Every structure is written in structure tokens, then in C-alpha cells.
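Listing of protein_0.cif; format and content: mmCIF, C-alpha atoms and all ligand atoms.
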data_coords
loop_
_atom_site.label_atom_id
_atom_site.label_comp_id
_atom_site.auth_asym_id
_atom_site.auth_seq_id
_atom_site.Cartn_x
_atom_site.Cartn_y
_atom_site.Cartn_z
CA MET A 1183 0.14 -26.55 -24.67
CA PRO A 1184 2.44 -24.45 -26.88
CA PRO A 1185 6.11 -25.45 -27.09
CA LEU A 1186 7.25 -22.66 -24.73
CA SER A 1187 10.47 -21.97 -26.54
CA ILE A 1188 10.64 -18.52 -27.97
CA HIS A 1189 10.69 -18.91 -31.79
CA GLY A 1190 12.77 -22.04 -31.30
CA ARG A 1191 15.56 -19.84 -29.92
CA SER A 1192 15.74 -21.38 -26.46
CA ARG A 1193 19.48 -22.17 -26.78
CA GLU A 1194 20.19 -18.55 -27.67
CA VAL A 1195 18.09 -17.39 -24.73
CA ARG A 1196 20.14 -19.57 -22.38
CA ASP A 1197 23.37 -18.12 -23.84
CA LEU A 1198 22.08 -14.59 -23.29
CA PHE A 1199 21.18 -15.38 -19.67
CA PRO A 1200 23.83 -17.83 -18.41
CA TYR A 1201 22.61 -17.49 -14.82
CA LEU A 1202 19.69 -19.69 -15.88
CA GLU A 1203 22.03 -22.67 -16.27
CA ALA A 1204 22.48 -22.80 -12.54
CA ARG A 1205 19.38 -21.12 -11.19
CA CYS A 1206 15.65 -21.38 -11.69
CA TYR A 1207 15.09 -17.61 -11.67
CA LEU A 1208 11.41 -16.70 -11.31
CA ASP A 1209 11.79 -13.29 -9.69
CA THR A 1210 11.62 -10.81 -12.57
CA ALA A 1211 9.03 -8.80 -10.63
CA ALA A 1212 11.87 -7.96 -8.21
CA ALA A 1213 14.55 -7.44 -10.89
CA GLY A 1214 14.91 -8.84 -14.40
CA LEU A 1215 18.10 -10.59 -15.50
CA ALA A 1216 20.54 -8.46 -17.49
CA TRP A 1217 21.58 -10.07 -20.77
CA GLN A 1218 25.12 -10.75 -21.98
CA GLY A 1219 25.98 -7.68 -24.06
CA HIS A 1220 24.09 -5.13 -22.03
CA GLY A 1221 27.23 -4.11 -20.15
CA ALA A 1222 29.11 -3.56 -23.41
CA ALA A 1223 26.28 -1.39 -24.73
CA VAL A 1224 26.39 0.79 -21.61
CA ALA A 1225 30.19 1.00 -21.78
CA ARG A 1226 29.97 2.18 -25.39
CA PHE A 1227 28.82 5.58 -24.10
CA PHE A 1228 32.02 6.04 -22.10
CA ASP A 1229 34.50 4.26 -24.40
CA GLU A 1230 33.30 5.47 -27.80
CA VAL A 1231 31.44 8.72 -27.12
CA LYS A 1232 32.22 10.44 -23.82
CA ASP A 1233 35.94 9.79 -24.39
CA ARG A 1234 35.63 12.84 -26.70
CA GLY A 1235 34.00 14.89 -23.94
CA TYR A 1236 31.48 17.53 -24.90
CA ASP A 1237 32.64 17.43 -28.54
CA ALA A 1238 30.63 14.22 -28.89
CA ARG A 1239 27.39 15.74 -27.57
CA PRO A 1240 25.54 15.49 -30.92
CA GLU A 1241 25.98 11.73 -30.68
CA TRP A 1242 24.49 11.31 -27.22
CA TRP A 1243 21.76 13.82 -27.98
CA ALA A 1244 20.93 11.77 -31.09
CA MET A 1245 20.81 8.57 -29.02
CA ILE A 1246 18.53 10.14 -26.42
CA ALA A 1247 16.23 11.40 -29.19
CA LYS A 1248 16.27 7.98 -30.86
CA VAL A 1249 15.30 6.08 -27.69
CA ARG A 1250 12.67 8.66 -26.78
CA ALA A 1251 11.10 8.25 -30.25
CA ARG A 1252 11.30 4.43 -30.03
CA LEU A 1253 9.53 4.34 -26.69
CA ALA A 1254 6.91 6.83 -27.84
CA ARG A 1255 6.17 4.87 -31.03
CA TRP A 1256 5.93 1.61 -29.07
CA LEU A 1257 3.42 3.06 -26.61
CA GLY A 1258 1.38 5.07 -29.11
CA MET A 1259 2.63 8.48 -27.96
CA GLU A 1260 4.71 11.35 -29.38
CA PRO A 1261 8.44 11.82 -28.60
CA GLU A 1262 7.73 15.09 -26.78
CA ASP A 1263 5.49 13.14 -24.36
CA VAL A 1264 8.46 11.16 -23.01
CA ALA A 1265 10.83 12.54 -20.36
CA PHE A 1266 13.67 10.55 -18.81
CA VAL A 1267 14.02 10.44 -15.04
CA SER A 1268 15.96 8.24 -12.61
CA ASN A 1269 13.28 5.85 -11.40
CA THR A 1270 9.53 5.26 -11.28
CA THR A 1271 9.29 6.96 -7.91
CA GLU A 1272 10.94 10.13 -9.20
CA GLY A 1273 8.58 10.18 -12.18
CA LEU A 1274 5.52 9.77 -10.00
CA ASN A 1275 6.74 12.43 -7.54
CA LEU A 1276 7.60 14.88 -10.31
CA ALA A 1277 4.14 14.49 -11.81
CA ALA A 1278 2.30 14.61 -8.47
CA HIS A 1279 4.20 17.72 -7.34
CA SER A 1280 3.72 19.42 -10.70
CA LEU A 1281 -0.06 18.98 -10.97
CA ARG A 1282 -2.09 21.95 -9.77
CA PHE A 1283 -4.92 20.99 -7.40
CA ALA A 1284 -7.84 23.00 -6.05
CA ARG A 1285 -9.56 22.63 -2.67
CA GLY A 1286 -12.01 19.72 -2.55
CA GLU A 1287 -10.66 17.88 -5.61
CA ARG A 1288 -10.25 14.15 -5.08
CA ILE A 1289 -7.37 11.81 -5.76
CA VAL A 1290 -8.58 8.20 -5.91
CA LEU A 1291 -6.28 5.26 -5.21
CA ALA A 1292 -6.48 1.74 -3.80
CA GLU A 1293 -5.99 1.39 -0.04
CA ASP A 1294 -3.09 -1.03 -0.57
CA GLU A 1295 -1.18 0.88 -3.25
CA PHE A 1296 2.62 0.73 -3.58
CA PRO A 1297 4.30 3.40 -1.39
CA SER A 1298 5.62 5.30 -4.42
CA VAL A 1299 2.02 5.71 -5.60
CA ALA A 1300 0.48 6.43 -2.20
CA ARG A 1301 3.02 8.65 -0.42
CA ILE A 1302 3.53 11.42 -2.98
CA TRP A 1303 0.43 13.55 -2.40
CA GLY A 1304 1.65 15.92 0.32
CA PRO A 1305 1.61 19.10 -1.83
CA ALA A 1306 -1.81 18.13 -3.25
CA ALA A 1307 -3.17 17.72 0.29
CA GLN A 1308 -1.67 21.10 1.24
CA ALA A 1309 -3.57 22.63 -1.67
CA GLY A 1310 -6.77 21.17 -0.19
CA ALA A 1311 -7.13 18.02 -2.31
CA GLU A 1312 -8.64 14.96 -0.64
CA LEU A 1313 -7.05 11.51 -0.82
CA VAL A 1314 -9.70 8.79 -1.28
CA ARG A 1315 -8.26 5.37 -0.38
CA VAL A 1316 -10.48 2.71 -1.85
CA PRO A 1317 -10.80 -0.63 -0.03
CA ILE A 1318 -10.46 -3.63 -2.38
CA PRO A 1319 -13.05 -6.25 -1.41
CA ARG A 1320 -11.61 -8.96 -3.71
CA GLU A 1321 -8.81 -8.90 -6.26
CA ALA A 1322 -11.21 -9.63 -9.13
CA LEU A 1323 -13.12 -6.47 -8.11
CA ARG A 1324 -10.08 -4.14 -7.87
CA GLN A 1325 -10.70 -2.35 -11.15
CA GLN A 1326 -14.45 -2.10 -10.56
CA ALA A 1327 -13.95 -0.71 -7.04
CA LEU A 1328 -11.59 1.97 -8.38
CA MET A 1329 -13.96 2.89 -11.19
CA GLU A 1330 -16.90 3.21 -8.82
CA ALA A 1331 -14.91 5.61 -6.65
CA VAL A 1332 -14.36 8.07 -9.52
CA ASP A 1333 -17.02 10.75 -9.19
CA ALA A 1334 -17.59 14.30 -10.44
CA ARG A 1335 -15.18 15.69 -7.83
CA THR A 1336 -12.36 13.31 -8.80
CA ARG A 1337 -9.43 15.05 -10.39
CA LEU A 1338 -7.22 12.00 -10.74
CA LEU A 1339 -7.19 8.22 -10.42
CA VAL A 1340 -3.74 6.78 -9.70
CA VAL A 1341 -3.04 3.06 -9.94
CA SER A 1342 -0.38 0.40 -10.39
CA GLN A 1343 -0.99 -1.18 -13.77
CA THR A 1344 0.02 -4.53 -12.25
CA HIS A 1345 -0.13 -4.63 -8.45
CA SER A 1346 3.20 -5.81 -7.07
CA GLY A 1347 1.65 -7.67 -4.12
CA THR A 1348 -1.32 -9.35 -5.84
CA GLY A 1349 -0.51 -9.41 -9.56
CA THR A 1350 -3.87 -7.89 -10.48
CA THR A 1351 -3.58 -6.03 -13.78
CA VAL A 1352 -5.98 -3.27 -14.73
CA ASP A 1353 -7.21 -2.39 -18.21
CA LEU A 1354 -5.71 1.03 -18.99
CA ASP A 1355 -8.10 1.72 -21.89
CA ALA A 1356 -11.19 1.02 -19.78
CA LEU A 1357 -9.90 3.04 -16.81
CA GLY A 1358 -8.76 5.95 -18.99
CA ARG A 1359 -12.08 6.19 -20.82
CA HIS A 1360 -13.96 6.00 -17.52
CA CYS A 1361 -11.84 8.79 -16.02
CA HIS A 1362 -12.05 11.05 -19.05
CA GLU A 1363 -15.86 10.72 -19.26
CA ARG A 1364 -15.92 12.12 -15.71
CA GLY A 1365 -13.34 14.83 -16.32
CA ALA A 1366 -10.59 13.06 -14.35
CA LEU A 1367 -7.01 12.21 -15.29
CA LEU A 1368 -5.51 8.70 -15.17
CA MET A 1369 -2.01 8.29 -13.69
CA VAL A 1370 -0.24 4.92 -13.76
CA ASP A 1371 2.77 3.20 -12.20
CA GLY A 1372 3.62 0.80 -15.00
CA ILE A 1373 6.81 -0.88 -13.83
CA GLN A 1374 5.26 -4.31 -13.20
CA ALA A 1375 3.59 -4.49 -16.62
CA LEU A 1376 5.96 -2.76 -19.09
CA GLY A 1377 7.59 -5.49 -21.19
CA ALA A 1378 5.36 -8.26 -19.84
CA VAL A 1379 2.04 -7.47 -21.51
CA PRO A 1380 0.91 -5.49 -24.57
CA PHE A 1381 -0.80 -2.11 -24.17
CA THR A 1382 -0.69 1.47 -25.39
CA LEU A 1383 -1.02 4.73 -23.48
CA GLU A 1384 -3.75 6.14 -25.71
CA HIS A 1385 -6.09 6.70 -22.74
CA VAL A 1386 -3.46 7.36 -20.06
CA ASP A 1387 -2.45 10.86 -18.95
CA ILE A 1388 0.61 10.19 -16.79
CA TYR A 1389 2.72 7.04 -16.86
CA ALA A 1390 5.96 6.29 -15.04
CA SER A 1391 8.19 3.23 -15.23
CA SER A 1392 11.78 2.19 -14.69
CA PHE A 1393 13.27 -0.49 -16.93
CA PHE A 1394 14.98 -2.81 -14.45
CA LYS A 1395 12.27 -5.46 -14.16
CA TRP A 1396 10.49 -6.81 -17.27
CA MET A 1397 12.65 -4.55 -19.48
CA LEU A 1398 15.86 -6.22 -18.21
CA SER A 1399 17.79 -2.97 -17.90
CA GLY A 1400 19.63 -1.40 -15.01
CA PHE A 1401 18.83 1.09 -12.30
CA GLY A 1402 18.89 4.85 -12.64
CA ILE A 1403 16.80 5.22 -15.77
CA ALA A 1404 13.03 5.53 -16.11
CA MET A 1405 10.49 7.32 -18.26
CA LEU A 1406 7.77 9.73 -17.33
CA VAL A 1407 5.20 9.85 -20.12
CA THR A 1408 2.59 12.59 -20.09
CA SER A 1409 -0.20 13.51 -22.47
CA ALA A 1410 -0.34 17.11 -23.72
CA ARG A 1411 -3.56 17.48 -21.72
CA ALA A 1412 -1.79 16.38 -18.51
CA ARG A 1413 1.14 18.74 -19.11
CA GLU A 1414 -1.32 21.61 -19.54
CA ALA A 1415 -2.53 20.84 -16.00
CA MET A 1416 1.03 20.98 -14.61
CA THR A 1417 3.54 23.57 -13.55
CA PRO A 1418 6.86 21.71 -13.41
CA ALA A 1419 7.90 21.29 -9.78
CA TRP A 1420 11.61 21.21 -10.68
CA HIS A 1421 13.37 23.77 -12.81
CA GLY A 1422 16.75 23.87 -14.49
CA TYR A 1423 18.50 24.84 -17.68
CA ALA A 1424 16.70 22.14 -19.69
CA ASN A 1425 13.18 23.46 -19.12
CA MET A 1426 13.82 27.21 -19.23
CA ASP A 1427 12.12 27.91 -22.54
CA GLU A 1428 9.09 25.59 -22.45
CA PRO A 1429 6.67 26.25 -19.57
CA HIS A 1430 5.36 22.64 -19.41
CA GLN A 1431 8.62 20.74 -20.03
CA LEU A 1432 9.31 18.29 -17.17
CA GLN A 1433 12.85 17.34 -18.28
CA TYR A 1434 14.96 19.68 -16.19
CA ALA A 1435 18.59 18.49 -16.59
CA HIS A 1436 20.92 15.89 -18.08
CA VAL A 1437 19.72 12.29 -18.14
CA ASN A 1438 21.45 8.94 -17.60
CA SER A 1439 23.02 8.62 -21.07
CA PRO A 1440 24.96 5.38 -20.48
CA ALA A 1441 21.75 3.70 -19.37
CA ILE A 1442 20.02 5.00 -22.50
CA TYR A 1443 22.73 3.38 -24.65
CA GLY A 1444 21.99 0.14 -22.79
CA LEU A 1445 18.25 0.57 -23.18
CA ASP A 1446 18.58 1.08 -26.93
CA ALA A 1447 20.47 -2.23 -27.18
CA THR A 1448 17.90 -3.98 -24.98
CA LEU A 1449 15.09 -2.72 -27.21
CA ASP A 1450 17.01 -4.13 -30.21
CA LEU A 1451 17.26 -7.47 -28.45
CA MET A 1452 13.61 -7.62 -27.40
CA GLU A 1453 12.49 -6.58 -30.88
CA SER A 1454 14.67 -9.28 -32.43
CA PHE A 1455 12.56 -11.83 -30.52
CA GLY A 1456 9.42 -9.82 -31.23
CA TRP A 1457 7.14 -8.26 -28.63
CA GLU A 1458 4.30 -10.52 -29.65
CA ALA A 1459 6.44 -13.60 -29.05
CA ILE A 1460 7.70 -12.26 -25.71
CA HIS A 1461 4.19 -11.44 -24.50
CA ALA A 1462 2.92 -14.82 -25.71
CA GLN A 1463 5.69 -16.57 -23.81
CA VAL A 1464 4.86 -14.68 -20.60
CA ARG A 1465 1.17 -15.56 -21.05
CA ASP A 1466 1.83 -19.23 -21.89
CA LEU A 1467 4.25 -19.69 -19.01
CA GLY A 1468 1.59 -18.20 -16.74
CA ASP A 1469 -0.99 -20.68 -18.04
CA ARG A 1470 1.45 -23.49 -17.52
CA LEU A 1471 2.29 -22.34 -14.00
CA LEU A 1472 -1.41 -22.19 -13.13
CA LEU A 1473 -2.01 -25.67 -14.53
CA ALA A 1474 0.84 -27.06 -12.44
CA ALA A 1475 -0.23 -25.05 -9.38
CA ASP A 1476 -3.81 -26.32 -9.68
CA GLY A 1477 -2.44 -29.86 -9.86
CA HIS A 1478 -0.66 -29.28 -6.56
CA GLY A 1479 -3.65 -27.56 -4.95
CA LEU A 1480 -1.91 -24.18 -4.56
CA ASP A 1481 -4.15 -21.26 -3.64
CA LEU A 1482 -3.86 -18.36 -6.11
CA VAL A 1483 -4.44 -14.73 -5.01
CA THR A 1484 -4.03 -13.23 -8.50
CA PRO A 1485 -7.22 -13.12 -10.59
CA ARG A 1486 -6.73 -15.44 -13.59
CA ALA A 1487 -8.42 -13.14 -16.07
CA GLN A 1488 -6.65 -9.95 -14.90
CA ARG A 1489 -2.99 -10.77 -14.76
CA ALA A 1490 0.34 -9.98 -16.40
CA GLY A 1491 3.45 -11.90 -15.31
CA ILE A 1492 3.03 -11.91 -11.52
CA PHE A 1493 1.40 -14.78 -9.61
CA ILE A 1494 0.90 -14.73 -5.85
CA PHE A 1495 0.20 -18.00 -4.07
CA ARG A 1496 -1.13 -17.95 -0.51
CA ALA A 1497 1.30 -19.27 2.06
CA PRO A 1498 1.02 -19.09 5.88
CA ASP A 1499 4.68 -17.99 6.03
CA GLY A 1500 5.77 -16.60 2.66
CA GLU A 1501 9.33 -15.85 3.77
CA ALA A 1502 9.87 -19.39 5.09
CA ALA A 1503 8.57 -20.82 1.81
CA ARG A 1504 10.77 -18.42 -0.19
CA MET A 1505 13.84 -19.53 1.77
CA ARG A 1506 13.06 -23.21 1.16
CA LEU A 1507 12.78 -22.55 -2.58
CA ALA A 1508 16.02 -20.56 -2.55
CA GLU A 1509 17.80 -23.50 -0.92
CA SER A 1510 16.64 -25.73 -3.76
CA GLY A 1511 17.89 -23.29 -6.42
CA ILE A 1512 14.66 -21.41 -7.16
CA SER A 1513 14.45 -17.60 -6.84
CA VAL A 1514 11.05 -16.11 -5.96
CA SER A 1515 9.91 -13.38 -3.53
CA ALA A 1516 7.76 -13.32 -0.42
CA ARG A 1517 5.08 -10.71 -1.07
CA GLY A 1518 1.52 -9.91 -0.08
CA GLN A 1519 -0.29 -12.95 1.25
CA GLY A 1520 2.40 -15.44 0.28
CA VAL A 1521 4.92 -16.14 -2.44
CA ARG A 1522 5.34 -14.21 -5.70
CA VAL A 1523 6.38 -16.15 -8.80
CA SER A 1524 7.15 -14.06 -11.89
CA PRO A 1525 8.34 -15.92 -15.01
CA HIS A 1526 9.62 -13.95 -18.00
CA PHE A 1527 10.26 -14.97 -21.60
CA TYR A 1528 13.67 -16.44 -20.69
CA ASN A 1529 12.04 -19.07 -18.48
CA THR A 1530 10.80 -22.49 -19.59
CA ALA A 1531 7.94 -24.86 -18.88
CA GLU A 1532 10.35 -26.93 -16.76
CA ASP A 1533 11.11 -23.88 -14.61
CA VAL A 1534 7.47 -23.23 -13.73
CA ASP A 1535 6.64 -26.93 -13.24
CA ARG A 1536 9.60 -27.29 -10.89
CA CYS A 1537 8.61 -24.17 -8.97
CA ALA A 1538 4.97 -25.25 -8.50
CA SER A 1539 6.04 -28.63 -7.16
CA ALA A 1540 8.72 -27.16 -4.84
CA LEU A 1541 6.31 -24.48 -3.60
CA ALA A 1542 3.65 -27.07 -2.73
CA GLN A 1543 6.25 -29.03 -0.74
CA ALA A 1544 7.58 -25.91 0.96
CA ILE A 1545 4.11 -24.77 2.01
CA ALA A 1546 3.26 -28.26 3.30
CA ARG A 1547 6.36 -28.10 5.52
CA THR A 1548 5.70 -24.62 6.99
C1 LIG B 1601 4.67 -1.09 -8.36
C2 LIG B 1601 6.07 -0.64 -8.14
N1 LIG B 1601 6.37 0.67 -8.28
C3 LIG B 1601 7.62 1.13 -8.11
C4 LIG B 1601 8.65 0.28 -7.77
C5 LIG B 1601 10.00 0.85 -7.55
O1 LIG B 1601 10.49 1.36 -8.73
P1 LIG B 1601 11.62 2.49 -8.79
O2 LIG B 1601 12.77 2.03 -7.97
O3 LIG B 1601 11.90 2.60 -10.23
O4 LIG B 1601 10.99 3.73 -8.22
C6 LIG B 1601 8.39 -1.11 -7.63
C7 LIG B 1601 9.42 -2.12 -7.29
O5 LIG B 1601 10.58 -1.97 -7.11
C8 LIG B 1601 7.07 -1.57 -7.82
O6 LIG B 1601 6.78 -2.86 -7.69
#
As a first step, turn the structure in this file into C-alpha cells.
Ligand SMILES: Cc1ncc(COP(=O)(O)O)c(C=O)c1O
Amino acid sequence: MPPLSIHGRSREVRDLFPYLEARCYLDTAAAGLAWQGHGAAVARFFDEVKDRGYDARPEWWAMIAKVRARLARWLGMEPEDVAFVSNTTEGLNLAAHSLRFARGERIVLAEDEFPSVARIWGPAAQAGAELVRVPIPREALRQQALMEAVDARTRLLVVSQTHSGTGTTVDLDALGRHCHERGALLMVDGIQALGAVPFTLEHVDIYASSFFKWMLSGFGIAMLVTSARAREAMTPAWHGYANMDEPHQLQYAHVNSPAIYGLDATLDLMESFGWEAIHAQVRDLGDRLLLAADGHGLDLVTPRAQRAGIFIFRAPDGEAARMRLAESGISVSARGQGVRVSPHFYNTAEDVDRCASALAQAIART
């Protein structure tokens, strides 16, 4: 087993996240912990920039352009592919309402998709598109079932990169290639994977994610990333002063600049640890959790070979088990068929060992 301390900086990690002194926090899939210093970075926008009103606009424009370019580089895209919106759900809605559909075209999605992925297709249905809800026979077959449902009439496959209720994580490259070979677009809700696992958007057409989970940032800021090919297929649903001159520009108004100042600082922090080290820590903590869970005979819903940072363990009463863990100082969520445990790079081997043992006891008592 690897040492499970990120570059030997475990003390620094604990200083950045003081809540971890008192709490075994394993609920990043609900909301990541903010780090000490994030608030100051957000405040910098008001105290050092906006205090000069509109005179300071070149500075916040420069910051927005900087963060847009950083995100694009990280994900293998171009800056013009990235628009800022308020949350994942807004990004998905904006894309879904902007795509032009013809009668008989199909939109493929899993039967149990997250509401923000499943409930946004009203205008497409009005245009005559058909929603194909694919049953998932087993978690390990989720990706295969979705791929098999993509046929010549499919215009778009839409999927959560990591499913919030099962933890199953799809391979974006494989799905994107499969869609493109059949003339379909791939659209992704990435919030439960971004920051937890490595990937690029090379084969993805539309991607939306907030930053408040694995990216540790606050609410009210998200990105909508679109390929040039996807934008060609869209007429922006919302219009304003910011997309007057470019027919396919989705950014329609001002964005959440304070949050972008915070996000820039968070990216600095994450990069100072190194994405490889962060992803390795998430993976190793997952391995460790599974080892401990196996030792306690816990029943895992998440497929071992297709996971990111979310692990769902079957429990007859997930909420009762969650409450028992909360009473003993451990934060998890009740989701899907049981309890969701989601360790991030700030957690330790002790955290996941403790959680597995407490969860086994809690389930035995329910
Ligand atoms: C898969 C998934 N999509 C979207 C959301 C919501 O994101 P937002 O509030 O940014 O729309 C969540 C959880 O909050 C989620 O788990």
C-alpha cells in the first residue's frame, strides 16, 4: 500500500482543511471542503478590484480570460470553447435548449440519470425528438448498455461522467468515438468526476460542471464547454449584450467574477500538489477503502474497474446508517441503494479504515 500522504504534505493538508481535525469528512460528492485562503481570494475581487468600479474592468476581464485559458488547456480544449455559467444544471439546460433537433431524432440517456440530465429535453421533445431511456441491467454494463442504444437515428448521447447514485464512471474517449462514428454528439455532466480523475474532452461535444465538489470551490460558478462542431449545431437559447456579435456564442452576460478569482487560487493550490498526485491519492484511498470494506464484508454497488471517487455500499436503510456514522463523527451521504462514501485527496488511510468499520457496525444494527 502506498503511504497515502500527498507528497509528504499531510500536515499542510490538515492546516488547509482544519475541519478535518474534528471530523472524518467523506462526503466530497455532496460538497468539497473549502480551503483556508479561498475566502481571501474571492474577497480580493471586491477589495482590490471592484473597489475601483468599472475603471478596473481590464483586470477582471484579464482574470476571466486567464481562468478560461487555464481550464481549456487542462481539458485539452481552446479558450473559446469555455463559457462560464452559474451551475451544472444551467449549463446543461443552456446546451439542451440551444441544440436544434429534427423530428424523429433520438436522445439517448440512462433510465436513472440525474434530474439535471434527464429533465431538460422539453424543447427537443416539442421539436419532435424522441427520448430513449436506457435500462441499466448491472452497473458494470452501464457504458455498454448506453453504447448499444446509440443507433443511426441518435442525435445525442447524454450521460453523467460519474453517476452520483452508483459511482459508475464512463470512459469519455470510448463513448465519444462511438457516438461520432454514428454521427451522434456526446454531452456530459462532469461534476462528479472533475478534479477526482484524469481525462480530457478531446472526444466530448458538450460538457458542464460546477466546481463545488471535487474542485473545492463555491456555488454559483460552473463551466459549459462545447466543441466547435457542437456550437455549429446550436442557436443560443439565451441572448444578451455579450453574444450579440457572434451567432454561436453561449456566454450571454456578466459572469461570477469573485468566484473566478477564487477558482484561479484553487487551481494554483491543486497544481501545487500536482494533479497526478491528487488523482493518485483519490485512487489509492479508494483501493484502501475497498480493502477495508471487503474485510468487513460490505456489499459494493460501484463497479471496481469503472469508478472515480464515489463508492456506494448497499444498506437496507441508508439514511439510518448515515445518521449513525454522523453521530460518530463521520460525514457520508445516503444515496442510491445505500451509503455513499467519497474520499478526496485531503483524506487519509485512517479516515477510510474508520469509515468502513463504522459502516459495517451501523449496517449490522439497522
Ligand atoms: C451528477 C450531478 N449533476 C448535477 C448536480 C448539481 O449540480 P449544480 O448545482 O451545479 O447544477 C449534482 C449534485 O449536486 C450531481 O451529482
Using all atoms listed in the file, tabulate the residues of chain A lying at most 6 Å from any atom of ligand LIG 1601 (chain B), each with its closest atom pair and that distance in Å to one decimal, by chain and increasing residue number, as a Markdown table.
| residue | atom | partner | partner_atom | distance |
| --- | --- | --- | --- | --- |
| A:Asn1269 | CA | B:LIG1601 | O3 | 3.7 |
| A:Thr1270 | CA | B:LIG1601 | O3 | 3.7 |
| A:Thr1271 | CA | B:LIG1601 | O4 | 3.7 |
| A:Phe1296 | CA | B:LIG1601 | C1 | 5.5 |
| A:Ser1298 | CA | B:LIG1601 | C3 | 5.9 |
| A:Ser1342 | CA | B:LIG1601 | C1 | 5.6 |
| A:His1345 | CA | B:LIG1601 | C1 | 6.0 |
| A:Ser1346 | CA | B:LIG1601 | O6 | 4.7 |
| A:Asp1371 | CA | B:LIG1601 | N1 | 5.9 |
| A:Ile1373 | CA | B:LIG1601 | C2 | 5.7 |
| A:Gln1374 | CA | B:LIG1601 | C1 | 5.8 |
| A:Ser1392 | CA | B:LIG1601 | O3 | 4.5 |
Legend entry - Å distance separating CA of Gln1433 in chain A from CA of Ala1222 in chain A, one decimal place: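 Going from CA of Gln1433 in chain A over to CA of Ala1222 in chain A, I get 27.0 Å.
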Legend entry - Pick from A:Leu1202, A:Val1249, A:Ile1512, A:Ala1490 nearest to Leu1445 in chain A, counting only C-alpha atoms: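 Nearest candidate to Leu1445 in chain A out of A:Leu1202, A:Val1249, A:Ile1512, A:Ala1490: A:Val1249.
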Legend entry - Counting all atoms listed in the file, the option among A:Val1332, A:Val1407, A:Ala1211, A:Cys1206 closest to Ala1540 in chain A: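 Checking each candidate against Ala1540 in chain A, we get A:Cys1206 as the closest.
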Inset, instruction - For His1421 in chain A, please output as number ranges by chain all residues within 12 Å (counting all atoms listed in the file; exclusion window: fewer than 6 positions along the same chain). - result: A: 1276, 1280, 1427-1435
Inset, instruction - Identify the residues within 10 Å of coordinate (15.4, -9.5, -9.6) (same frame as the file), considering all atoms listed in the file, and give the answer as a list of chain:residue names. - result: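 Here the neighbourhood of the point contains A:Tyr1207, A:Leu1208, A:Asp1209, A:Thr1210, A:Ala1211, A:Ala1212, A:Ala1213, A:Gly1214, A:Leu1215, A:Ala1216, A:Phe1394, A:Lys1395, A:Trp1396, A:Leu1398, A:Ser1513, A:Val1514, A:Ser1515, A:Ser1524.
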